[in-house]
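Presented below is the structure to which this report refers.
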Amino acid sequence: MKIWVLLPAFNEENSFPRLFPKIDAAVKELNHEYAIVVINDGSTDNSAAILEELSAVYPLHVVTHKINRGLGEAERSAFEYVAEHGAPEDVALRLDCDDTHEPRFFVGMIEQLSKGYDVVTASRFRKGGGQEGVHGYRKYISYAASIYMKIFFNVPNIRDYSCGYRAYRVQVLQDAICIFGNGFIQMKGFGFTSTLETLVKMNLLGARCCEVPFVLRYDQKASPSKMVSSITSLGYIVMTILYWWPFGGWRSFYKSLSKAYRNSPEAAVEEFSPHTLKRSTVCRIGGS
């Protein structure tokens, strides 16, 4: 098994030297071969030069976007890269690049994958989890957003919907990309909405999801926040409409997918792939 550490990055020159040694130490504890995949999403600082230096020390792969495309496009590039270059038995760990997601939680996340889960989310809202360096108002907003997402999307075993720190079986990522195609991430232009969308799409697929507690270290953040709350909030609303739309929305169009996938992943990939099943208009918005 190989571990792929996926890092979407925009202007993170100060983060890489702090984060990479932690990743290296955490993966060596697991005693597996690993690779770091950085999606350099149009950075205008010294990220490219620093990554070039670090490539001599760490097993580093860099995918470069010449212009800043946003988190959704960066996540898509990361998932497509590991789906193409990884093996089905591999593990992909996606975390933020700003040193707020501690790699020491890798062990617990991979332990849950070994129990049969397909997606493991690091959760601030489980016993033992929390947030450091986050103001009270922002804590309230994060908690309220998770309640909203639980009401409208309800992924079993999940409380923290907006945290992008997750572990995935590469096999499930490969199958998801085969089934959803370019529509695996449709909300590419809506800020951080893609973090929620990937989880919802995995649930529609039939992936088994769970959480482990973690502490968000916002007090360690090495770069300014890139999140524009208004755009992401609008994305959540648009995504809710796309999910619940009665005429070919995600929920209705893929209603039989999870059962089919759990019965036979190979048959489900064949039955629901874009080459076999024509997408509804809603399922083609932003992802045709």
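Numbering starts fresh at 1 for the residues of each chain in the structure tokens, the chains themselves are lettered A, B, ... in the order given, and ligands are numbered from 1 as they appear.
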10 Å contact set for Leu71 of chain A, only C-alpha atoms, chain neighbours under 4 positions out, as a ChimeraX atom specification: /A:8-10,39,41,75-77,187-195,226-227
Can you spit out the residues from that selection as an mmCIF file, in the first residue's frame, using N, CA, C and O atoms?
data_model
loop_
_atom_site.group_PDB
_atom_site.id
_atom_site.type_symbol
_atom_site.label_atom_id
_atom_site.label_comp_id
_atom_site.auth_asym_id
_atom_site.auth_seq_id
_atom_site.Cartn_x
_atom_site.Cartn_y
_atom_site.Cartn_z
ATOM 1 N N PRO A 8 -3.698 20.734 -1.993
ATOM 2 C CA PRO A 8 -4.025 21.894 -2.822
ATOM 3 C C PRO A 8 -3.350 23.132 -2.219
ATOM 4 O O PRO A 8 -3.417 23.344 -0.996
ATOM 5 N N ALA A 9 -2.689 23.942 -3.041
ATOM 6 C CA ALA A 9 -1.886 25.032 -2.484
ATOM 7 C C ALA A 9 -1.972 26.291 -3.343
ATOM 8 O O ALA A 9 -1.832 26.231 -4.565
ATOM 9 N N PHE A 10 -2.164 27.414 -2.670
ATOM 10 C CA PHE A 10 -2.104 28.721 -3.330
ATOM 11 C C PHE A 10 -1.365 29.683 -2.408
ATOM 12 O O PHE A 10 -1.810 29.964 -1.305
ATOM 13 N N ILE A 39 -0.722 20.485 -5.572
ATOM 14 C CA ILE A 39 -1.343 21.180 -6.701
ATOM 15 C C ILE A 39 -1.060 22.663 -6.508
ATOM 16 O O ILE A 39 -1.697 23.333 -5.694
ATOM 17 N N ASP A 41 -1.645 25.930 -7.319
ATOM 18 C CA ASP A 41 -2.776 26.514 -8.034
ATOM 19 C C ASP A 41 -2.540 27.994 -8.359
ATOM 20 O O ASP A 41 -3.158 28.882 -7.767
ATOM 21 N N GLU A 75 -8.639 20.564 -6.106
ATOM 22 C CA GLU A 75 -9.017 19.254 -5.577
ATOM 23 C C GLU A 75 -9.242 18.257 -6.709
ATOM 24 O O GLU A 75 -8.818 17.099 -6.624
ATOM 25 N N ARG A 76 -9.897 18.713 -7.766
ATOM 26 C CA ARG A 76 -10.143 17.812 -8.884
ATOM 27 C C ARG A 76 -8.829 17.324 -9.483
ATOM 28 O O ARG A 76 -8.680 16.133 -9.783
ATOM 29 N N SER A 77 -7.866 18.231 -9.676
ATOM 30 C CA SER A 77 -6.569 17.828 -10.215
ATOM 31 C C SER A 77 -5.881 16.821 -9.301
ATOM 32 O O SER A 77 -5.261 15.860 -9.773
ATOM 33 N N MET A 187 -19.152 21.974 -8.405
ATOM 34 C CA MET A 187 -19.196 23.282 -7.742
ATOM 35 C C MET A 187 -17.812 23.922 -7.729
ATOM 36 O O MET A 187 -17.344 24.412 -6.704
ATOM 37 N N LYS A 188 -17.169 23.959 -8.866
ATOM 38 C CA LYS A 188 -15.781 24.412 -8.932
ATOM 39 C C LYS A 188 -15.633 25.919 -8.732
ATOM 40 O O LYS A 188 -14.586 26.382 -8.316
ATOM 41 N N GLY A 189 -16.660 26.688 -9.044
ATOM 42 C CA GLY A 189 -16.543 28.142 -8.961
ATOM 43 C C GLY A 189 -17.133 28.740 -7.701
ATOM 44 O O GLY A 189 -17.362 29.951 -7.645
ATOM 45 N N PHE A 190 -17.385 27.903 -6.682
ATOM 46 C CA PHE A 190 -18.074 28.377 -5.482
ATOM 47 C C PHE A 190 -17.222 28.201 -4.233
ATOM 48 O O PHE A 190 -17.647 27.620 -3.235
ATOM 49 N N GLY A 191 -15.999 28.712 -4.288
ATOM 50 C CA GLY A 191 -15.152 28.711 -3.112
ATOM 51 C C GLY A 191 -14.867 27.321 -2.580
ATOM 52 O O GLY A 191 -14.447 26.440 -3.317
ATOM 53 N N PHE A 192 -15.137 27.145 -1.288
ATOM 54 C CA PHE A 192 -14.812 25.887 -0.609
ATOM 55 C C PHE A 192 -15.955 24.875 -0.652
ATOM 56 O O PHE A 192 -15.919 23.865 0.045
ATOM 57 N N THR A 193 -16.976 25.136 -1.476
ATOM 58 C CA THR A 193 -18.124 24.236 -1.552
ATOM 59 C C THR A 193 -17.719 22.839 -2.017
ATOM 60 O O THR A 193 -18.364 21.848 -1.656
ATOM 61 N N SER A 194 -16.656 22.742 -2.789
ATOM 62 C CA SER A 194 -16.223 21.438 -3.298
ATOM 63 C C SER A 194 -15.888 20.465 -2.176
ATOM 64 O O SER A 194 -16.007 19.246 -2.346
ATOM 65 N N THR A 195 -15.473 20.979 -1.028
ATOM 66 C CA THR A 195 -15.162 20.103 0.111
ATOM 67 C C THR A 195 -16.412 19.341 0.552
ATOM 68 O O THR A 195 -16.349 18.143 0.852
ATOM 69 N N LYS A 226 -7.928 31.987 2.439
ATOM 70 C CA LYS A 226 -8.375 32.186 1.063
ATOM 71 C C LYS A 226 -9.893 32.051 0.928
ATOM 72 O O LYS A 226 -10.442 32.182 -0.159
ATOM 73 N N MET A 227 -10.555 31.764 2.017
ATOM 74 C CA MET A 227 -11.987 31.517 1.954
ATOM 75 C C MET A 227 -12.759 32.832 1.861
ATOM 76 O O MET A 227 -12.544 33.748 2.659
#
Residue contacts of segment 88-105 of chain A (9 Å, only C-alpha atoms) excluding same-chain residues fewer than 6 positions away, as a ChimeraX atom specification: /A:1-10,12,14-16,18-19,22-27,38,75,78-79,82,113,122,163-174,212-225
All strand (DSSP E or B) residues (DSSP, backbone) inside segment 67-279 of chain A, as a list of chain:residue names: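 Taking segment 67-279 of chain A and keeping strand (DSSP E or B) only, one gets A:Val91, A:Ala92, A:Leu93, A:Arg94, A:Val119, A:Val120, A:Thr121, A:Ala122, A:Ser123, A:Gly130, A:Gln131, A:Glu132, A:Arg166, A:Ala167, A:Tyr168, A:Arg169, A:Cys209, A:Cys210, A:Glu211, A:Val212, A:Pro213, A:Val215, A:Leu216, A:Arg217.
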Point-to-point distance from atom CA of Met109 of chain A to atom CA of Tyr81 of chain A, Å rounded to tenths: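 Those two atoms sit 21.2 Å apart.
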